[in-house]
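Structure file protein.cif with mmCIF, C-alpha atoms:
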data_input
loop_
_atom_site.group_PDB
_atom_site.id
_atom_site.type_symbol
_atom_site.label_atom_id
_atom_site.label_comp_id
_atom_site.auth_asym_id
_atom_site.auth_seq_id
_atom_site.Cartn_x
_atom_site.Cartn_y
_atom_site.Cartn_z
ATOM 1 C CA MET A 1 -9.444 24.402 -30.366
ATOM 2 C CA PRO A 2 -6.291 23.669 -28.336
ATOM 3 C CA GLY A 3 -5.368 20.052 -27.694
ATOM 4 C CA PRO A 4 -4.618 18.476 -24.325
ATOM 5 C CA SER A 5 -1.764 19.902 -22.291
ATOM 6 C CA PRO A 6 1.510 17.945 -22.057
ATOM 7 C CA LEU A 7 0.497 16.937 -18.535
ATOM 8 C CA GLN A 8 -2.940 15.728 -19.614
ATOM 9 C CA GLU A 9 -1.248 13.590 -22.275
ATOM 10 C CA ARG A 10 0.207 11.532 -19.418
ATOM 11 C CA LEU A 11 -3.319 10.390 -18.489
ATOM 12 C CA LEU A 12 -3.806 6.817 -19.731
ATOM 13 C CA ASP A 13 -7.371 5.529 -20.026
ATOM 14 C CA CYS A 14 -8.139 2.252 -18.244
ATOM 15 C CA THR A 15 -11.904 2.713 -18.094
ATOM 16 C CA ASP A 16 -12.455 1.037 -21.484
ATOM 17 C CA GLU A 17 -11.472 -2.548 -22.283
ATOM 18 C CA GLU A 18 -10.216 -1.459 -25.685
ATOM 19 C CA THR A 19 -7.690 0.977 -24.215
ATOM 20 C CA THR A 20 -6.760 -0.678 -20.919
ATOM 21 C CA GLN A 21 -4.182 -3.137 -22.249
ATOM 22 C CA ALA A 22 -2.305 -0.486 -24.214
ATOM 23 C CA SER A 23 -2.431 1.903 -21.250
ATOM 24 C CA VAL A 24 -1.047 -0.712 -18.860
ATOM 25 C CA GLN A 25 1.715 -1.566 -21.325
ATOM 26 C CA ARG A 26 2.662 2.091 -21.598
ATOM 27 C CA ALA A 27 2.740 2.458 -17.813
ATOM 28 C CA ALA A 28 4.847 -0.707 -17.575
ATOM 29 C CA ASP A 29 7.350 0.819 -19.987
ATOM 30 C CA VAL A 30 7.479 3.918 -17.802
ATOM 31 C CA VAL A 31 8.218 1.800 -14.712
ATOM 32 C CA ARG A 32 10.936 -0.129 -16.562
ATOM 33 C CA GLU A 33 12.505 3.182 -17.551
ATOM 34 C CA GLY A 34 12.913 4.003 -13.865
ATOM 35 C CA ARG A 35 10.151 6.569 -13.653
ATOM 36 C CA VAL A 36 7.081 7.084 -11.464
ATOM 37 C CA VAL A 37 3.456 6.166 -12.224
ATOM 38 C CA VAL A 38 0.082 6.650 -10.579
ATOM 39 C CA LEU A 39 -2.229 3.640 -10.485
ATOM 40 C CA PRO A 40 -5.641 2.810 -9.057
ATOM 41 C CA THR A 41 -5.944 0.409 -6.128
ATOM 42 C CA ASP A 42 -8.938 -1.052 -4.326
ATOM 43 C CA THR A 43 -9.133 1.940 -1.964
ATOM 44 C CA VAL A 44 -7.496 5.111 -3.308
ATOM 45 C CA TYR A 45 -4.994 5.943 -6.033
ATOM 46 C CA GLY A 46 -1.357 5.120 -5.401
ATOM 47 C CA VAL A 47 1.931 6.509 -6.668
ATOM 48 C CA GLY A 48 4.742 4.056 -7.159
ATOM 49 C CA ALA A 49 7.799 2.729 -8.935
ATOM 50 C CA ASP A 50 9.905 -0.381 -9.312
ATOM 51 C CA ALA A 51 10.636 -1.506 -5.739
ATOM 52 C CA PHE A 52 14.201 -2.451 -6.738
ATOM 53 C CA ASP A 53 15.072 0.877 -8.378
ATOM 54 C CA VAL A 54 16.629 2.940 -5.604
ATOM 55 C CA VAL A 55 16.435 6.219 -7.518
ATOM 56 C CA ALA A 56 12.832 5.647 -8.608
ATOM 57 C CA VAL A 57 11.731 4.904 -5.030
ATOM 58 C CA ALA A 58 13.430 8.122 -3.920
ATOM 59 C CA MET A 59 11.490 9.907 -6.675
ATOM 60 C CA VAL A 60 8.222 8.545 -5.245
ATOM 61 C CA LEU A 61 9.070 9.908 -1.804
ATOM 62 C CA ALA A 62 10.156 13.230 -3.308
ATOM 63 C CA ALA A 63 6.884 13.527 -5.253
ATOM 64 C CA LYS A 64 4.990 13.219 -1.962
ATOM 65 C CA HIS A 65 7.375 15.499 -0.059
ATOM 66 C CA ARG A 66 8.000 12.563 2.247
ATOM 67 C CA GLY A 67 11.231 11.536 3.975
ATOM 68 C CA ARG A 68 12.965 8.172 4.289
ATOM 69 C CA GLU A 69 11.509 7.725 7.771
ATOM 70 C CA MET A 70 8.180 6.864 6.099
ATOM 71 C CA PRO A 71 9.013 3.947 3.781
ATOM 72 C CA PRO A 72 6.351 2.846 1.301
ATOM 73 C CA PRO A 73 4.764 -0.598 1.334
ATOM 74 C CA VAL A 74 5.290 -2.987 -1.556
ATOM 75 C CA LEU A 75 2.425 -4.240 -3.722
ATOM 76 C CA VAL A 76 2.842 -7.707 -5.228
ATOM 77 C CA PRO A 77 1.097 -9.447 -8.160
ATOM 78 C CA ASN A 78 0.555 -12.775 -6.363
ATOM 79 C CA PRO A 79 1.425 -14.605 -3.116
ATOM 80 C CA ARG A 80 4.239 -16.532 -4.816
ATOM 81 C CA THR A 81 6.226 -13.306 -4.928
ATOM 82 C CA VAL A 82 6.426 -13.142 -1.147
ATOM 83 C CA ASP A 83 9.187 -15.703 -0.683
ATOM 84 C CA GLY A 84 11.483 -13.657 -2.909
ATOM 85 C CA LEU A 85 10.926 -10.569 -0.768
ATOM 86 C CA ALA A 86 10.542 -11.870 2.781
ATOM 87 C CA THR A 87 12.208 -14.493 4.935
ATOM 88 C CA GLY A 88 10.918 -16.635 7.778
ATOM 89 C CA VAL A 89 7.316 -16.263 6.635
ATOM 90 C CA PRO A 90 5.211 -18.007 9.317
ATOM 91 C CA MET A 91 2.538 -20.502 8.321
ATOM 92 C CA TYR A 92 -0.224 -18.343 9.807
ATOM 93 C CA ALA A 93 0.788 -15.555 7.405
ATOM 94 C CA ARG A 94 0.526 -17.938 4.456
ATOM 95 C CA ILE A 95 -2.941 -18.982 5.617
ATOM 96 C CA LEU A 96 -4.009 -15.356 5.791
ATOM 97 C CA MET A 97 -2.612 -14.657 2.324
ATOM 98 C CA ARG A 98 -4.516 -17.592 0.864
ATOM 99 C CA GLN A 99 -7.737 -16.421 2.480
ATOM 100 C CA PHE A 100 -7.560 -12.647 2.054
ATOM 101 C CA TRP A 101 -5.324 -11.886 -0.948
ATOM 102 C CA PRO A 102 -6.059 -10.091 -3.124
ATOM 103 C CA GLY A 103 -7.652 -7.793 -0.614
ATOM 104 C CA PRO A 104 -7.269 -5.260 2.214
ATOM 105 C CA LEU A 105 -4.652 -7.060 4.309
ATOM 106 C CA THR A 106 -1.090 -5.773 4.714
ATOM 107 C CA LEU A 107 1.480 -8.089 6.276
ATOM 108 C CA VAL A 108 4.689 -6.792 7.838
ATOM 109 C CA LEU A 109 7.413 -9.425 7.409
ATOM 110 C CA GLN A 110 11.156 -9.748 7.777
ATOM 111 C CA ALA A 111 12.718 -8.647 4.492
ATOM 112 C CA GLN A 112 15.152 -10.854 2.617
ATOM 113 C CA PRO A 113 18.540 -9.455 3.703
ATOM 114 C CA SER A 114 20.131 -10.125 0.313
ATOM 115 C CA LEU A 115 17.788 -7.880 -1.659
ATOM 116 C CA GLN A 116 19.368 -4.914 -3.396
ATOM 117 C CA TRP A 117 16.705 -2.344 -2.634
ATOM 118 C CA ASP A 118 16.284 0.716 -0.440
ATOM 119 C CA LEU A 119 12.743 1.571 0.608
ATOM 120 C CA GLY A 120 13.828 3.858 3.430
ATOM 121 C CA GLU A 121 14.220 3.257 7.148
ATOM 122 C CA THR A 122 12.464 -0.110 7.373
ATOM 123 C CA ASN A 123 14.551 -1.702 10.158
ATOM 124 C CA GLY A 124 14.760 -4.895 8.152
ATOM 125 C CA THR A 125 11.028 -5.317 7.534
ATOM 126 C CA VAL A 126 8.780 -4.945 4.514
ATOM 127 C CA ALA A 127 5.019 -4.369 4.353
ATOM 128 C CA LEU A 128 3.407 -6.460 1.586
ATOM 129 C CA ARG A 129 -0.054 -6.436 0.059
ATOM 130 C CA MET A 130 -1.793 -7.817 -3.018
ATOM 131 C CA PRO A 131 -4.468 -5.291 -4.048
ATOM 132 C CA GLU A 132 -7.881 -6.341 -5.309
ATOM 133 C CA ASP A 133 -7.857 -4.177 -8.424
ATOM 134 C CA ASP A 134 -7.619 -5.474 -11.991
ATOM 135 C CA VAL A 135 -5.627 -2.524 -13.345
ATOM 136 C CA ALA A 136 -3.138 -2.590 -10.479
ATOM 137 C CA LEU A 137 -2.695 -6.360 -10.784
ATOM 138 C CA ALA A 138 -2.210 -6.106 -14.548
ATOM 139 C CA LEU A 139 0.584 -3.580 -14.049
ATOM 140 C CA LEU A 140 2.184 -5.618 -11.253
ATOM 141 C CA ALA A 141 2.078 -8.725 -13.458
ATOM 142 C CA GLU A 142 4.081 -6.808 -16.060
ATOM 143 C CA VAL A 143 6.726 -5.198 -13.843
ATOM 144 C CA GLY A 144 6.782 -7.154 -10.578
ATOM 145 C CA PRO A 145 6.769 -5.718 -7.048
ATOM 146 C CA MET A 146 6.257 -1.982 -6.784
ATOM 147 C CA ALA A 147 6.820 0.431 -3.918
ATOM 148 C CA VAL A 148 3.442 2.182 -3.757
ATOM 149 C CA THR A 149 1.973 4.732 -1.406
ATOM 150 C CA SER A 150 -1.047 7.033 -1.632
ATOM 151 C CA ALA A 151 -1.056 9.421 -4.597
ATOM 152 C CA ASN A 152 -1.095 12.730 -2.784
ATOM 153 C CA VAL A 153 1.270 15.281 -1.349
ATOM 154 C CA THR A 154 1.859 14.600 2.328
ATOM 155 C CA GLY A 155 -0.755 16.410 4.372
ATOM 156 C CA GLN A 156 -3.271 16.626 1.507
ATOM 157 C CA PRO A 157 -6.364 14.448 0.932
ATOM 158 C CA ALA A 158 -5.830 11.091 -0.745
ATOM 159 C CA ALA A 159 -6.682 11.044 -4.455
ATOM 160 C CA THR A 160 -9.728 9.003 -5.420
ATOM 161 C CA THR A 161 -9.365 9.795 -9.145
ATOM 162 C CA ALA A 162 -6.389 10.028 -11.477
ATOM 163 C CA GLN A 163 -7.218 13.696 -12.094
ATOM 164 C CA GLU A 164 -7.040 14.475 -8.368
ATOM 165 C CA ALA A 165 -3.651 12.753 -8.220
ATOM 166 C CA MET A 166 -2.452 14.787 -11.206
ATOM 167 C CA GLU A 167 -3.542 18.039 -9.565
ATOM 168 C CA GLN A 168 -1.341 17.235 -6.562
ATOM 169 C CA LEU A 169 1.649 15.451 -8.090
ATOM 170 C CA GLY A 170 1.803 17.089 -11.514
ATOM 171 C CA GLY A 171 4.977 16.589 -13.525
ATOM 172 C CA ALA A 172 6.643 14.472 -10.835
ATOM 173 C CA VAL A 173 4.721 11.512 -12.304
ATOM 174 C CA SER A 174 5.334 10.279 -15.848
ATOM 175 C CA ALA A 175 2.100 8.310 -16.367
ATOM 176 C CA TYR A 176 -1.318 8.321 -14.723
ATOM 177 C CA LEU A 177 -3.437 5.198 -15.121
ATOM 178 C CA ASP A 178 -7.050 6.342 -15.024
ATOM 179 C CA GLY A 179 -9.234 3.499 -13.793
ATOM 180 C CA GLY A 180 -12.182 5.646 -12.762
ATOM 181 C CA ALA A 181 -13.191 6.838 -9.310
ATOM 182 C CA ARG A 182 -12.193 4.837 -6.265
ATOM 183 C CA THR A 183 -14.166 4.676 -3.046
ATOM 184 C CA GLY A 184 -11.526 5.853 -0.602
ATOM 185 C CA GLY A 185 -13.101 3.420 1.844
ATOM 186 C CA GLU A 186 -11.647 1.605 4.815
ATOM 187 C CA PRO A 187 -7.885 1.026 4.713
ATOM 188 C CA SER A 188 -6.202 -2.324 4.806
ATOM 189 C CA THR A 189 -5.785 -4.072 8.130
ATOM 190 C CA ILE A 190 -2.080 -4.233 9.041
ATOM 191 C CA LEU A 191 -0.574 -7.187 10.893
ATOM 192 C CA ASP A 192 2.930 -7.567 12.276
ATOM 193 C CA CYS A 193 3.948 -11.074 11.194
ATOM 194 C CA THR A 194 7.577 -10.909 12.288
ATOM 195 C CA GLY A 195 6.958 -13.022 15.389
ATOM 196 C CA ALA A 196 5.537 -16.409 16.324
ATOM 197 C CA GLU A 197 2.030 -14.927 16.596
ATOM 198 C CA PRO A 198 0.439 -12.060 14.631
ATOM 199 C CA VAL A 199 -0.088 -8.622 16.142
ATOM 200 C CA VAL A 200 -2.672 -6.120 14.897
ATOM 201 C CA LEU A 201 -1.052 -2.776 14.129
ATOM 202 C CA ARG A 202 -4.139 -1.252 12.535
ATOM 203 C CA LEU A 203 -7.671 -2.555 12.126
ATOM 204 C CA GLY A 204 -9.246 -1.648 8.826
ATOM 205 C CA ALA A 205 -11.481 -3.413 6.341
ATOM 206 C CA LEU A 206 -10.811 -6.791 7.964
ATOM 207 C CA SER A 207 -12.055 -7.121 11.530
ATOM 208 C CA GLY A 208 -10.269 -8.937 14.314
ATOM 209 C CA GLU A 209 -13.181 -11.365 14.492
ATOM 210 C CA ARG A 210 -12.833 -12.296 10.824
ATOM 211 C CA LEU A 211 -9.094 -12.778 11.177
ATOM 212 C CA ARG A 212 -9.531 -14.981 14.249
ATOM 213 C CA GLU A 213 -12.008 -17.176 12.369
ATOM 214 C CA VAL A 214 -9.286 -17.982 9.847
ATOM 215 C CA LEU A 215 -6.379 -18.170 12.303
ATOM 216 C CA GLY A 216 -8.097 -20.800 14.453
ATOM 217 C CA ALA A 217 -5.854 -21.768 17.357
ATOM 218 C CA THR A 218 -3.211 -19.161 16.526
ATOM 219 C CA PRO A 219 -3.719 -16.203 18.897
ATOM 220 C CA LEU A 220 -4.142 -12.742 17.397
ATOM 221 C CA HIS A 221 -2.778 -9.968 19.579
ATOM 222 C CA ASP A 222 -3.508 -6.255 19.565
ATOM 223 C CA SER A 223 -0.643 -3.809 19.804
ATOM 224 C CA PRO A 224 -1.202 -1.346 22.676
ATOM 225 C CA ALA A 225 -1.873 1.484 20.223
ATOM 226 C CA ALA A 226 -4.318 -0.580 18.154
ATOM 227 C CA ALA A 227 -6.166 -1.696 21.283
ATOM 228 C CA GLU A 228 -6.480 1.888 22.532
ATOM 229 C CA ALA A 229 -7.681 3.075 19.127
ATOM 230 C CA ALA A 230 -10.256 0.294 18.881
ATOM 231 C CA ALA A 231 -11.556 0.961 22.393
ATOM 232 C CA ALA A 232 -11.851 4.688 21.794
ATOM 233 C CA ALA A 233 -13.402 4.164 18.361
ATOM 234 C CA GLY A 234 -16.279 2.313 19.954
ATOM 235 C CA ALA A 235 -17.575 5.618 21.275
ATOM 236 C CA VAL A 236 -17.091 7.522 18.003
ATOM 237 C CA THR A 237 -19.272 6.334 15.143
ATOM 238 C CA ASP A 238 -20.545 9.453 13.389
ATOM 239 C CA ALA A 239 -17.608 10.033 11.012
ATOM 240 C CA PRO A 240 -16.655 7.909 8.004
ATOM 241 C CA ALA A 241 -13.455 5.888 7.907
ATOM 242 C CA SER A 242 -10.861 6.772 5.285
ATOM 243 C CA GLU A 243 -7.636 5.341 3.914
ATOM 244 C CA GLU A 244 -5.697 8.156 5.472
ATOM 245 C CA ALA A 245 -6.287 11.466 7.089
ATOM 246 C CA GLY A 246 -3.725 13.966 5.943
ATOM 247 C CA ASP A 247 -1.996 11.269 3.873
ATOM 248 C CA ALA A 248 -4.468 8.494 3.522
ATOM 249 C CA PRO A 249 -4.261 3.042 0.583
ATOM 250 C CA THR A 250 -2.768 1.758 2.521
ATOM 251 C CA ASP A 251 -0.522 1.872 1.912
ATOM 252 C CA GLU A 252 -1.033 -0.381 1.250
ATOM 253 C CA GLU A 253 -1.729 1.395 1.087
ATOM 254 C CA ALA A 254 -1.731 0.654 -0.111
ATOM 255 C CA GLY A 255 -1.899 0.848 -0.403
ATOM 256 C CA ASP A 256 -2.805 1.074 2.107
ATOM 257 C CA GLU A 257 -1.870 1.956 0.296
ATOM 258 C CA PRO A 258 -3.368 2.491 -1.637
ATOM 259 C CA GLY A 259 -2.625 0.040 0.787
ATOM 260 C CA SER A 260 -3.370 -0.475 0.403
ATOM 261 C CA ALA A 261 -2.173 0.787 2.434
ATOM 262 C CA LEU A 262 -1.501 3.734 2.456
ATOM 263 C CA LEU A 263 -1.011 5.693 5.638
ATOM 264 C CA LEU A 264 0.792 8.763 6.900
ATOM 265 C CA GLY A 265 0.061 11.601 9.267
ATOM 266 C CA SER A 266 -2.824 9.945 11.086
ATOM 267 C CA VAL A 267 -5.133 6.958 10.967
ATOM 268 C CA THR A 268 -8.900 7.228 10.868
ATOM 269 C CA ALA A 269 -10.453 4.189 12.519
ATOM 270 C CA SER A 270 -14.255 4.189 12.685
ATOM 271 C CA GLY A 271 -14.231 7.955 12.828
ATOM 272 C CA LEU A 272 -11.499 8.332 15.424
ATOM 273 C CA THR A 273 -8.366 10.131 14.267
ATOM 274 C CA VAL A 274 -5.273 8.639 15.885
ATOM 275 C CA PRO A 275 -1.722 9.939 15.444
ATOM 276 C CA ALA A 276 0.174 7.668 13.065
ATOM 277 C CA GLU A 277 3.103 7.656 15.486
ATOM 278 C CA ALA A 278 0.929 5.545 17.776
ATOM 279 C CA VAL A 279 0.784 2.667 15.328
ATOM 280 C CA ARG A 280 4.180 2.709 13.696
ATOM 281 C CA LEU A 281 6.177 1.375 16.648
ATOM 282 C CA VAL A 282 5.887 -2.387 16.987
ATOM 283 C CA ARG A 283 7.622 -5.187 18.789
ATOM 284 C CA SER A 284 10.411 -7.204 17.246
ATOM 285 C CA PRO A 285 13.070 -9.548 18.623
ATOM 286 C CA SER A 286 15.426 -6.575 18.791
ATOM 287 C CA GLY A 287 12.931 -4.153 20.320
ATOM 288 C CA PRO A 288 10.584 -1.500 18.931
ATOM 289 C CA GLN A 289 10.861 -0.740 15.251
ATOM 290 C CA GLN A 290 9.174 1.505 12.729
ATOM 291 C CA VAL A 291 6.707 -0.139 10.395
ATOM 292 C CA PRO A 292 6.650 0.677 6.680
ATOM 293 C CA THR A 293 3.388 2.531 6.185
ATOM 294 C CA PRO A 294 0.966 0.944 3.709
#
Exercise: express the given structure as structure tokens:
Amino acid sequence: MPGPSPLQERLLDCTDEETTQASVQRAADVVREGRVVVLPTDTVYGVGADAFDVVAVAMVLAAKHRGREMPPPVLVPNPRTVDGLATGVPMYARILMRQFWPGPLTLVLQAQPSLQWDLGETNGTVALRMPEDDVALALLAEVGPMAVTSANVTGQPAATTAQEAMEQLGGAVSAYLDGGARTGGEPSTILDCTGAEPVVLRLGALSGERLREVLGATPLHDSPAAAEAAAAAGAVTDAPASEEAGDAPTDEEAGDEPGSALLLGSVTASGLTVPAEAVRLVRSPSGPQQVPTP
């Protein structure tokens, strides 16, 4: 009887406690070698690499057939990592991190200008999320911040299993961490935290009401696109939400997208499909800018 194919040998089991640690260590070695891995997140599967390896990040985008105009979000192992990646982090963002990380909240912040990385056309921002997934966090603890976006070819459904990711990405990925099926549920909520007050770019698993409870006196604003999507979504309730439609985490993805978030092509908010272009332009001190797409 023939053994597993060379591609199937890249599938690393994380569904059993006895194999998970070794599988994560192997995937960590792959990341350190400058190659691409697939990993589970709390929504869908993500594909990613060392956020500071310029070539590896380009390999992630190439695997998805995605251009530099759609930069991936960055998944982090803990909130302490944020100060090394972002600058001018407002106190309200730190409060939100303490309350909702790990979890489905992506924060767009001003990136540290001294960092030697290239995520794509980010306009000086970075989208950060800490996923609520033990396998993902174990890998991030080993290798540090990773650029992660949904594990699918652009325009195809988001992968909710490692096998689905393998069917789409094939040999472009060196290791697939199999953590079992993921729900593909609501994406992360994305906030622009580059200003004095937060702005909702996309509502997802966290509602505006829940965010306002935590923010207290700090106002939470809706971007025009997010407000229009939310208003229209109120009349459309018969379709399920998903991490992405056409390129769902979310990133993160992200991831998410997996991001958490993990978003490209269009956003599905309470059953309403909205062009992604409507949510990627946000305010900044220098005018509209494109948001990295978790």
Return as a Markdown table the residues of range 38-107 of chain A lying at most 12 Å from range 218-226 of chain A, together with the closest atom-to-atom pair for each and the distance in Å to one decimal, counting all atoms listed in the file, with rows in chain order and ascending residue number.
| residue | atom | partner | partner_atom | distance |
| --- | --- | --- | --- | --- |
| A:Pro90 | CA | A:Thr218 | CA | 11.1 |
| A:Met91 | CA | A:Thr218 | CA | 10.1 |
| A:Tyr92 | CA | A:Thr218 | CA | 7.4 |
| A:Ala93 | CA | A:Thr218 | CA | 10.6 |
| A:Ile95 | CA | A:Thr218 | CA | 10.9 |
| A:Leu96 | CA | A:Thr218 | CA | 11.4 |
- Message: Just to confirm, what's the straight-line distance from CA of Pro4 in chain A to CA of Glu167 in chain A in Å (one decimal)?
- Response: 14.8 Å
- Item | Who sits within 10 Å of Glu164 in chain A, all atoms listed in the file, same chain under 6 positions skipped, as a ChimeraX atom specification | /A:45,151-152,157-158,170,181
- Task: Report the residues retrieved by the PyMOL selection byres ((chain A and resi 190) around 8) from the displayed file, expressed as a VMD selection string.
- Result: chain A and resid 105 to 108 188 to 189 191 to 192 200 to 204
Restrict the selected residues to C-alpha atoms and save them as a PDB file, keeping the file's coordinate frame.
ATOM      1  CA  LEU A 105      -4.652  -7.060   4.309  1.00  0.00           C
ATOM      2  CA  THR A 106      -1.090  -5.773   4.714  1.00  0.00           C
ATOM      3  CA  LEU A 107       1.480  -8.089   6.276  1.00  0.00           C
ATOM      4  CA  VAL A 108       4.689  -6.792   7.838  1.00  0.00           C
ATOM      5  CA  SER A 188      -6.202  -2.324   4.806  1.00  0.00           C
ATOM      6  CA  THR A 189      -5.785  -4.072   8.130  1.00  0.00           C
ATOM      7  CA  LEU A 191      -0.574  -7.187  10.893  1.00  0.00           C
ATOM      8  CA  ASP A 192       2.930  -7.567  12.276  1.00  0.00           C
ATOM      9  CA  VAL A 200      -2.672  -6.120  14.897  1.00  0.00           C
ATOM     10  CA  LEU A 201      -1.052  -2.776  14.129  1.00  0.00           C
ATOM     11  CA  ARG A 202      -4.139  -1.252  12.535  1.00  0.00           C
ATOM     12  CA  LEU A 203      -7.671  -2.555  12.126  1.00  0.00           C
ATOM     13  CA  GLY A 204      -9.246  -1.648   8.826  1.00  0.00           C
TER      14      GLY A 204
END
- Query: Could you write out as a ChimeraX atom specification the residues that the PyMOL selection byres ((chain A and resi 145) around 9) matches in the shown file?
  - Reply: /A:49-52,74-77,81,85,140-141,143-144,146-147
- Nearest residue to Gln116 in chain A from the set A:Leu137, A:Arg68, A:Ala22, A:Val54 (distances using all atoms listed in the file):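 That would be A:Val54, the residue with the smallest distance to Gln116 in chain A.
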- How far is it from CA of Ala111 in chain A to CA of Cys193 in chain A, in Å with one decimal?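 Interatomic distance here is 11.3 Å.
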- Query: Can you list, as a count of residues only, every protein, DNA or RNA residue that comes within 7 Å of Leu169 in chain A when you count only C-alpha atoms, leaving out same-chain residues fewer than 4 positions away?
  - Reply: 5
- Item | Atomic distance CA of Val38 in chain A - CA of Ala127 in chain A, expressed in Å with one decimal |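 Distance reported for this atom pair: 19.2 Å.
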- Query: Near Glu33 in chain A, within 10 Å and counting all atoms listed in the file, which residues show up once chain neighbours fewer than 4 positions away are dropped, as a VMD selection string?
  - Reply: chain A and resid 27 to 29 49 to 50 53 56
File of the preceding selection, C-alpha atoms, as a CSV table (one decimal), in the coordinates of the input:
chain,number,residue,atom,x,y,z
A,27,ALA,CA,2.7,2.5,-17.8
A,28,ALA,CA,4.8,-0.7,-17.6
A,29,ASP,CA,7.4,0.8,-20.0
A,49,ALA,CA,7.8,2.7,-8.9
A,50,ASP,CA,9.9,-0.4,-9.3
A,53,ASP,CA,15.1,0.9,-8.4
A,56,ALA,CA,12.8,5.6,-8.6
- Task: For Gly180 in chain A, please output as an MDAnalysis selection string all residues within 10 Å (counting all atoms listed in the file; exclusion window: fewer than 5 positions along the same chain).
- Result: chainID A and resid 13:16 40 45 160:163
- Message: Taking (-13.3, -5.0, 6.5) as a centre in this file's frame and 12 Å as the limit, can you find every polymer residue with an atom that close, using all atoms listed in the file, and give them as an MDAnalysis selection string?
- Response: chainID A and resid 43 100 103:105 185:190 202:211 241 269:270
- Taking into account only C-alpha atoms, which residue in the set A:Ala159, A:Val60, A:Val135, A:Gln21 is nearest to Gly171 in chain A?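 So, comparing all the options, the nearest one is A:Val60.
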- Query: Which of these, A:Ala136, A:Leu119, A:Leu215, A:Val44, has the shortest distance to Leu61 in chain A once you count all atoms listed in the file?
  - Reply: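 Smallest separation from Leu61 in chain A among the options: A:Leu119.
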Would you mind listing what lies within 8 Å of Ala175 in chain A as a PDB file with C-alpha atoms, keeping the file's coordinate frame, with all atoms listed in the file counted and same-chain residues fewer than 5 positions away left out?
ATOM      1  CA  ARG A  10       0.207  11.532 -19.418  1.00  0.00           C
ATOM      2  CA  LEU A  11      -3.319  10.390 -18.489  1.00  0.00           C
ATOM      3  CA  LEU A  12      -3.806   6.817 -19.731  1.00  0.00           C
ATOM      4  CA  ALA A  27       2.740   2.458 -17.813  1.00  0.00           C
ATOM      5  CA  VAL A  30       7.479   3.918 -17.802  1.00  0.00           C
ATOM      6  CA  VAL A  36       7.081   7.084 -11.464  1.00  0.00           C
ATOM      7  CA  VAL A  37       3.456   6.166 -12.224  1.00  0.00           C
ATOM      8  CA  VAL A  38       0.082   6.650 -10.579  1.00  0.00           C
TER       9      VAL A  38
END
- Looking at A:Gly46, A:Gln25, A:Arg182, A:Gly216, which one is nearest to Lys64 in chain A, with distances taken over all atoms listed in the file?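 The closest residue to Lys64 in chain A is A:Gly46.
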- Task: Name the residues, using the chain letters and numbers of the file, that sit within 7 Å of (-8.9, -2.5, -4.9) when counting all atoms listed in the file, and give them as a list in words.
- Result: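 Result, sorted by chain then residue number: Thr41, Asp42, Thr43, Gly103, Pro131, Glu132 and Asp133 of chain A.
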